[in-house]
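Participant: Got a structure for you, target-v3.cif, holding mmCIF, C-alpha atoms.
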```
data_coords
#
loop_
_atom_site.label_atom_id
_atom_site.label_comp_id
_atom_site.auth_asym_id
_atom_site.auth_seq_id
_atom_site.Cartn_x
_atom_site.Cartn_y
_atom_site.Cartn_z
CA ASP Z 1 -1.85 -6.66 8.51
CA SER Z 2 -3.88 -6.71 5.29
CA GLY Z 3 -5.31 -10.18 5.91
CA VAL Z 4 -3.76 -11.51 2.69
CA THR Z 5 -1.20 -14.25 3.21
CA GLN Z 6 1.47 -15.18 0.70
CA THR Z 7 3.96 -18.03 0.84
CA PRO Z 8 6.84 -18.41 0.51
CA LYS Z 9 8.25 -14.99 1.38
CA HIS Z 10 11.55 -15.71 -0.33
CA LEU Z 11 12.48 -18.24 -2.99
CA ILE Z 12 15.78 -18.84 -4.72
CA THR Z 13 15.91 -21.19 -7.67
CA ALA Z 14 17.77 -21.88 -10.88
CA THR Z 15 16.96 -21.11 -14.50
CA GLY Z 16 14.69 -23.67 -16.11
CA GLN Z 17 13.01 -24.63 -12.86
CA ARG Z 18 9.35 -24.36 -11.87
CA VAL Z 19 7.93 -22.76 -8.73
CA THR Z 20 4.51 -22.29 -7.19
CA LEU Z 21 3.50 -19.22 -5.20
CA ARG Z 22 0.52 -19.42 -2.89
CA CYS Z 23 -1.97 -16.80 -1.78
CA SER Z 24 -4.80 -16.83 0.74
CA PRO Z 25 -7.11 -13.82 0.29
CA ARG Z 26 -8.81 -11.84 3.02
CA SER Z 27 -11.72 -13.66 4.57
CA GLY Z 28 -14.78 -13.19 2.39
CA ASP Z 29 -12.97 -11.69 -0.62
CA LEU Z 30 -13.83 -13.45 -3.86
CA SER Z 31 -11.38 -11.65 -6.17
CA VAL Z 32 -7.69 -12.44 -6.28
CA TYR Z 33 -5.16 -10.53 -8.36
CA TRP Z 34 -1.53 -11.32 -9.12
CA TYR Z 35 0.99 -8.57 -9.81
CA GLN Z 36 4.70 -8.64 -10.65
CA GLN Z 37 7.02 -5.88 -9.45
CA SER Z 38 10.58 -5.66 -10.73
CA LEU Z 39 13.16 -2.96 -10.08
CA ASP Z 40 12.88 -1.27 -13.44
CA GLN Z 41 9.12 -1.52 -13.77
CA GLY Z 42 6.17 -0.75 -11.62
CA LEU Z 43 3.47 -3.14 -10.58
CA GLN Z 44 2.51 -5.16 -13.64
CA PHE Z 45 -0.90 -6.82 -13.61
CA LEU Z 46 -0.72 -10.52 -14.42
CA ILE Z 47 -4.11 -12.10 -13.86
CA GLN Z 48 -7.36 -11.88 -11.88
CA TYR Z 49 -9.67 -14.58 -10.61
CA TYR Z 50 -13.16 -14.15 -9.24
CA ASN Z 51 -14.74 -16.99 -7.29
CA GLY Z 52 -12.71 -19.61 -9.11
CA GLU Z 53 -13.09 -18.20 -12.61
CA GLU Z 54 -10.49 -16.29 -14.59
CA ARG Z 55 -11.76 -12.70 -14.92
CA ALA Z 56 -8.96 -10.77 -16.61
CA LYS Z 57 -5.52 -11.32 -18.02
CA GLY Z 58 -2.71 -8.83 -18.22
CA ASN Z 59 0.84 -9.24 -19.48
CA ILE Z 60 1.18 -12.78 -18.22
CA LEU Z 61 3.69 -14.95 -20.02
CA GLU Z 62 2.64 -18.32 -21.44
CA ARG Z 63 5.15 -19.93 -19.04
CA PHE Z 64 3.05 -18.61 -16.16
CA SER Z 65 -0.33 -19.92 -15.09
CA ALA Z 66 -2.62 -19.46 -12.15
CA GLN Z 67 -5.75 -20.90 -10.63
CA GLN Z 68 -8.15 -20.20 -7.80
CA PHE Z 69 -9.43 -23.12 -5.79
CA PRO Z 70 -12.89 -23.69 -4.26
CA ASP Z 71 -11.63 -22.45 -0.87
CA LEU Z 72 -10.63 -19.23 -2.74
CA HIS Z 73 -6.90 -19.55 -2.24
CA SER Z 74 -4.87 -19.05 -5.38
CA GLU Z 75 -1.63 -20.34 -6.81
CA LEU Z 76 0.67 -18.80 -9.40
CA ASN Z 77 2.82 -21.29 -11.25
CA LEU Z 78 5.99 -20.08 -12.95
CA SER Z 79 7.82 -22.53 -15.20
CA SER Z 80 10.96 -22.61 -17.36
CA LEU Z 81 12.25 -19.79 -15.23
CA GLU Z 82 14.57 -17.18 -16.68
CA LEU Z 83 16.83 -14.64 -14.98
CA GLY Z 84 14.38 -11.90 -15.94
CA ASP Z 85 11.63 -13.52 -13.90
CA SER Z 86 13.37 -12.43 -10.72
CA ALA Z 87 10.92 -10.05 -9.07
CA LEU Z 88 8.50 -9.52 -6.24
CA TYR Z 89 5.18 -11.23 -6.88
CA PHE Z 90 2.21 -9.77 -5.07
CA CYS Z 91 -1.19 -11.19 -4.51
CA ALA Z 92 -4.08 -8.90 -3.70
CA SER Z 93 -7.73 -9.46 -2.93
CA SER Z 94 -10.81 -7.29 -3.03
CA GLY Z 95 -14.42 -7.53 -2.05
CA THR Z 96 -17.44 -7.04 -4.26
CA GLY Z 97 -19.54 -3.95 -4.66
CA VAL Z 98 -18.49 -0.39 -5.35
CA ASN Z 99 -14.93 -0.27 -4.03
CA THR Z 100 -13.43 -2.98 -6.22
CA GLY Z 101 -10.31 -0.86 -6.72
CA GLU Z 102 -9.48 -1.01 -3.03
CA LEU Z 103 -7.05 -3.89 -3.13
CA PHE Z 104 -5.54 -5.53 -0.09
CA PHE Z 105 -2.02 -6.70 -0.87
CA GLY Z 106 0.00 -9.44 0.73
CA GLU Z 107 3.64 -8.89 1.63
CA GLY Z 108 4.81 -10.54 -1.56
CA SER Z 109 6.98 -13.46 -2.57
CA ARG Z 110 10.49 -12.46 -3.60
CA LEU Z 111 11.72 -14.76 -6.36
CA THR Z 112 15.39 -14.87 -7.26
CA VAL Z 113 16.39 -16.88 -10.32
CA LEU Z 114 20.11 -17.68 -10.53
CA GLU K 1 -4.08 2.14 -23.99
CA ASP K 2 -4.23 3.03 -20.31
CA GLN K 3 -1.24 5.02 -19.13
CA VAL K 4 -0.18 6.45 -15.79
CA THR K 5 2.84 8.73 -15.38
CA GLN K 6 4.03 9.83 -11.97
CA SER K 7 6.42 12.66 -11.21
CA PRO K 8 8.86 13.25 -9.78
CA GLU K 9 10.45 9.80 -9.60
CA ALA K 10 12.03 10.71 -6.29
CA LEU K 11 11.57 13.58 -3.84
CA ARG K 12 13.54 14.54 -0.75
CA LEU K 13 11.89 16.91 1.70
CA GLN K 14 12.90 18.39 5.00
CA GLU K 15 10.51 17.59 7.82
CA GLY K 16 7.72 20.15 7.68
CA GLU K 17 8.37 21.09 4.04
CA SER K 18 5.10 20.68 2.15
CA SER K 19 4.99 19.50 -1.47
CA SER K 20 2.88 17.72 -4.09
CA LEU K 21 3.22 14.55 -6.12
CA ASN K 22 1.73 14.37 -9.60
CA CYS K 23 -0.07 11.57 -11.41
CA SER K 24 -1.02 12.11 -15.06
CA TYR K 25 -3.30 9.52 -16.58
CA THR K 26 -4.86 8.40 -19.82
CA VAL K 27 -7.69 5.91 -19.59
CA SER K 28 -10.65 5.00 -21.76
CA GLY K 29 -13.30 6.10 -19.29
CA LEU K 30 -12.21 6.48 -15.69
CA ARG K 31 -13.98 4.39 -13.10
CA GLY K 32 -11.63 5.40 -10.33
CA LEU K 33 -8.18 6.73 -9.50
CA PHE K 34 -6.39 5.25 -6.52
CA TRP K 35 -3.44 6.22 -4.36
CA TYR K 36 -1.42 3.61 -2.51
CA ARG K 37 1.56 3.81 -0.20
CA GLN K 38 4.32 1.19 -0.36
CA ASP K 39 7.01 0.76 2.26
CA PRO K 40 10.24 -1.06 1.32
CA GLY K 41 9.74 -4.82 1.17
CA LYS K 42 6.01 -4.54 1.81
CA GLY K 43 2.86 -4.70 -0.27
CA PRO K 44 1.08 -1.50 -1.29
CA GLU K 45 -1.41 -0.10 1.20
CA PHE K 46 -4.58 1.63 0.03
CA LEU K 47 -4.90 5.35 0.77
CA PHE K 48 -7.60 7.00 -1.35
CA THR K 49 -10.13 6.52 -4.13
CA LEU K 50 -11.22 9.44 -6.33
CA TYR K 51 -14.06 9.02 -8.81
CA SER K 52 -14.71 12.34 -10.50
CA ALA K 53 -12.97 15.60 -11.36
CA GLY K 54 -13.07 18.08 -8.52
CA GLU K 55 -13.20 15.42 -5.84
CA GLU K 56 -10.83 15.68 -2.87
CA LYS K 57 -9.98 13.23 -0.08
CA GLU K 58 -7.93 13.85 3.06
CA LYS K 59 -6.20 11.67 5.59
CA GLU K 60 -3.92 13.16 8.22
CA ARG K 61 -1.17 15.07 6.35
CA LEU K 62 -2.24 13.80 2.90
CA LYS K 63 -4.79 15.27 0.53
CA ALA K 64 -5.58 13.83 -2.89
CA THR K 65 -7.25 15.81 -5.67
CA LEU K 66 -8.45 14.87 -9.15
CA THR K 67 -8.88 16.68 -12.45
CA LYS K 68 -9.83 15.22 -15.83
CA LYS K 69 -6.20 14.51 -16.70
CA GLU K 70 -4.23 14.31 -13.48
CA SER K 71 -4.27 13.80 -9.75
CA PHE K 72 -2.16 15.39 -7.06
CA LEU K 73 -1.16 14.03 -3.69
CA HIS K 74 -0.44 17.00 -1.44
CA ILE K 75 1.69 16.36 1.63
CA THR K 76 1.45 19.03 4.32
CA ALA K 77 4.19 19.35 6.95
CA PRO K 78 5.52 15.84 6.32
CA LYS K 79 7.19 13.74 9.00
CA PRO K 80 9.91 11.10 8.54
CA GLU K 81 7.29 8.37 8.90
CA ASP K 82 5.71 9.61 5.66
CA SER K 83 8.77 8.34 3.79
CA ALA K 84 7.58 5.69 1.32
CA THR K 85 6.84 5.15 -2.34
CA TYR K 86 3.47 6.56 -3.35
CA LEU K 87 1.73 4.76 -6.20
CA CYS K 88 -1.08 6.02 -8.38
CA ALA K 89 -3.38 3.63 -10.24
CA VAL K 90 -6.38 3.90 -12.54
CA GLN K 91 -9.30 1.60 -13.08
CA ALA K 92 -11.14 1.77 -16.39
CA ARG K 93 -14.91 1.92 -16.61
CA THR K 94 -15.04 -0.88 -19.14
CA GLY K 95 -13.50 -4.29 -18.91
CA ALA K 96 -12.15 -5.96 -15.83
CA ASN K 97 -11.61 -4.43 -12.41
CA ASN K 98 -7.83 -4.60 -12.46
CA LEU K 99 -5.78 -1.52 -11.64
CA PHE K 100 -3.11 -0.04 -13.92
CA PHE K 101 -0.29 1.36 -11.77
CA GLY K 102 2.28 4.07 -12.32
CA THR K 103 5.90 3.51 -11.30
CA GLY K 104 5.57 5.65 -8.20
CA THR K 105 7.25 8.55 -6.45
CA ARG K 106 9.82 7.64 -3.81
CA LEU K 107 9.47 10.16 -0.99
CA THR K 108 12.15 10.68 1.64
CA VAL K 109 11.48 13.04 4.54
CA ILE K 110 14.61 14.10 6.37
CA PRO K 111 14.37 14.96 10.09
#
```
In C-alpha cells, how does this file's structure come out?

Facilitator:
Amino acid sequence: DSGVTQTPKHLITATGQRVTLRCSPRSGDLSVYWYQQSLDQGLQFLIQYYNGEERAKGNILERFSAQQFPDLHSELNLSSLELGDSALYFCASSGTGVNTGELFFGEGSRLTVL
Amino acid sequence: EDQVTQSPEALRLQEGESSSLNCSYTVSGLRGLFWYRQDPGKGPEFLFTLYSAGEEKEKERLKATLTKKESFLHITAPKPEDSATYLCAVQARTGANNLFFGTGTRLTVIP
C-alpha cells in the first residue's frame, strides 16, 4: 500500500460527458502529480501541484483541469470526453527534500469512454 | 527534449536465466534516473534512484547501473514473481520535478 488513495477505481461514461477523479496523497506529502497511461503510450505527465499551487504542466489538454485543495487532496477534471481519453489515470505524491523523484503512486482510476 | 527509450519491449526468461534491461536517455542535465516496477492493473512502485555515472544500486535479484547515456537493470536468477513491467524515468536538473517515463519492458519469467 503506497498510502495514495484514488477514487473511483473504475468509471464508464459517454462521449461529451465530464468526470472528476479524486486523489488523496500520502500523509505529509505536499506534491501531487497526475499521469495518464494508455495502451499505446507510456506514462504521460499531465500536471503537478505543490501545496496548492500549480508547479508544472505537461501534455495536458485544455479540456482537462486540476486543482489541489487546502487539505492537499487533488482533483482532476476531464470534460467534453472523447473516445481517446479512455486510459488509466494515476495520481502520485512525493515528499520534499532530495528524493523528489521517488513518487508514490495510487492504484489508478480506469476511465472508459463509450 | 527529454527522451527515454527502453529495450526490449518484452522479454521472456526461464526461471534462473539472468538478463539485462536497457534504458537509453537524453535529458538536458540529469538530476536523477529512476527505475519503477509496475504490476498489471497497479500503480508503479519505486525501485531505485541513480544520480551519477558509475553509480550502482542493488535490491535482492535486481541491480541498476548508470552511464552518461544509458542505464541497465540486471536481473540475476529471476523468479516468476519478478514478472512485471519495468519502467525507467528521468528527472531533469532544471525545471520542475516531474519524471519523464519510458514505455517500459514487460518481463515474463516462466517457471

Participant: Do you have the atom CA of Z:Pro25-atom CA of K:Gln6 distance handy?

Facilitator: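 Going from atom CA of Z:Pro25 over to atom CA of K:Gln6, I get 28.9 Å.
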
Participant: Residues of chain K near chain Z: apply a cut-off of 7 Å, count all atoms listed in the file, and supply the list as a ChimeraX atom specification.

Facilitator: /K:42-46,91,96-97,99,101-103

Participant: Using Å and a single decimal, report how far atom CA of K:Pro80 sits from atom CA of Z:His10.

Facilitator: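 Between atom CA of Z:His10 and atom CA of K:Pro80 the gap is 28.3 Å.
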
Participant: Identify all residues satisfying the PyMOL selection byres ((chain K and resi 51) around 9) in the given file; provide them as a list in words.

Facilitator: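 Those residues are Leu30, Arg31, Gly32, Leu33, Phe34, Thr49, Leu50, Ser52, Ala53, Glu55 and Leu66 of chain K.
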
Participant: Could you take the residues named above and write them with C-alpha atoms, as a compact mmCIF listing (two decimals), in the coordinates of the input?

Facilitator:
```
# COMPACT_ATOMS: atom_id res chain seq x y z
CA LEU K 30 -12.21 6.48 -15.69
CA ARG K 31 -13.98 4.39 -13.10
CA GLY K 32 -11.63 5.40 -10.33
CA LEU K 33 -8.18 6.73 -9.50
CA PHE K 34 -6.39 5.25 -6.52
CA THR K 49 -10.13 6.52 -4.13
CA LEU K 50 -11.22 9.44 -6.33
CA SER K 52 -14.71 12.34 -10.50
CA ALA K 53 -12.97 15.60 -11.36
CA GLU K 55 -13.20 15.42 -5.84
CA LEU K 66 -8.45 14.87 -9.15
```

Participant: For this file, the PyMOL selection byres ((chain K and resi 20) around 12) selects which residues, as a PyMOL selection string?

Facilitator: chain K and resi 6-8+10-13+17-19+21-23+61-65+71-78+86+105+107

Participant: Can you spit out the residues from that selection as a PDB file, keeping the file's coordinate frame, using C-alpha atoms?

Facilitator:
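As written to disk, selection28.pdb reads:
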```pdb
ATOM      1  CA  GLN K   6       4.030   9.830 -11.970  1.00  0.00           C
ATOM      2  CA  SER K   7       6.420  12.660 -11.210  1.00  0.00           C
ATOM      3  CA  PRO K   8       8.860  13.250  -9.780  1.00  0.00           C
ATOM      4  CA  ALA K  10      12.030  10.710  -6.290  1.00  0.00           C
ATOM      5  CA  LEU K  11      11.570  13.580  -3.840  1.00  0.00           C
ATOM      6  CA  ARG K  12      13.540  14.540  -0.750  1.00  0.00           C
ATOM      7  CA  LEU K  13      11.890  16.910   1.700  1.00  0.00           C
ATOM      8  CA  GLU K  17       8.370  21.090   4.040  1.00  0.00           C
ATOM      9  CA  SER K  18       5.100  20.680   2.150  1.00  0.00           C
ATOM     10  CA  SER K  19       4.990  19.500  -1.470  1.00  0.00           C
ATOM     11  CA  LEU K  21       3.220  14.550  -6.120  1.00  0.00           C
ATOM     12  CA  ASN K  22       1.730  14.370  -9.600  1.00  0.00           C
ATOM     13  CA  CYS K  23      -0.070  11.570 -11.410  1.00  0.00           C
ATOM     14  CA  ARG K  61      -1.170  15.070   6.350  1.00  0.00           C
ATOM     15  CA  LEU K  62      -2.240  13.800   2.900  1.00  0.00           C
ATOM     16  CA  LYS K  63      -4.790  15.270   0.530  1.00  0.00           C
ATOM     17  CA  ALA K  64      -5.580  13.830  -2.890  1.00  0.00           C
ATOM     18  CA  THR K  65      -7.250  15.810  -5.670  1.00  0.00           C
ATOM     19  CA  SER K  71      -4.270  13.800  -9.750  1.00  0.00           C
ATOM     20  CA  PHE K  72      -2.160  15.390  -7.060  1.00  0.00           C
ATOM     21  CA  LEU K  73      -1.160  14.030  -3.690  1.00  0.00           C
ATOM     22  CA  HIS K  74      -0.440  17.000  -1.440  1.00  0.00           C
ATOM     23  CA  ILE K  75       1.690  16.360   1.630  1.00  0.00           C
ATOM     24  CA  THR K  76       1.450  19.030   4.320  1.00  0.00           C
ATOM     25  CA  ALA K  77       4.190  19.350   6.950  1.00  0.00           C
ATOM     26  CA  PRO K  78       5.520  15.840   6.320  1.00  0.00           C
ATOM     27  CA  TYR K  86       3.470   6.560  -3.350  1.00  0.00           C
ATOM     28  CA  THR K 105       7.250   8.550  -6.450  1.00  0.00           C
ATOM     29  CA  LEU K 107       9.470  10.160  -0.990  1.00  0.00           C
TER      30      LEU K 107
END
```

Participant: Counting all atoms listed in the file, I want the residues whose atoms come within 6 Å of (-0.1, -18.8, -5.8) in the file frame, returned as a VMD selection string.

Facilitator: chain Z and resid 20 to 23 74 to 76

Participant: Between atom CA of Z:Ser38 and atom CA of Z:Asn59, what distance in Å does the model show, to one decimal?

Facilitator: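 Separation between atom CA of Z:Ser38 and atom CA of Z:Asn59: 13.6 Å.
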
Participant: Closest to Z:Gln6 among Z:Ser93, Z:Thr112, Z:Ser79, Z:Gln67, using only C-alpha atoms?

Facilitator: Z:Ser93

Participant: Selected by the PyMOL selection byres ((chain Z and resi 80) around 12) in the shown coordinates: which residues, as a ChimeraX atom specification?

Facilitator: /Z:13-19,61-65,77-79,81-85,113

Participant: Which of these, K:Arg37, K:Glu60, K:Gly104, K:Lys68, has the shortest distance to K:Ser83 once you count only C-alpha atoms?

Facilitator: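 Checking each of K:Arg37, K:Glu60, K:Gly104, K:Lys68 against K:Ser83, counting only C-alpha atoms, the winner is K:Arg37.
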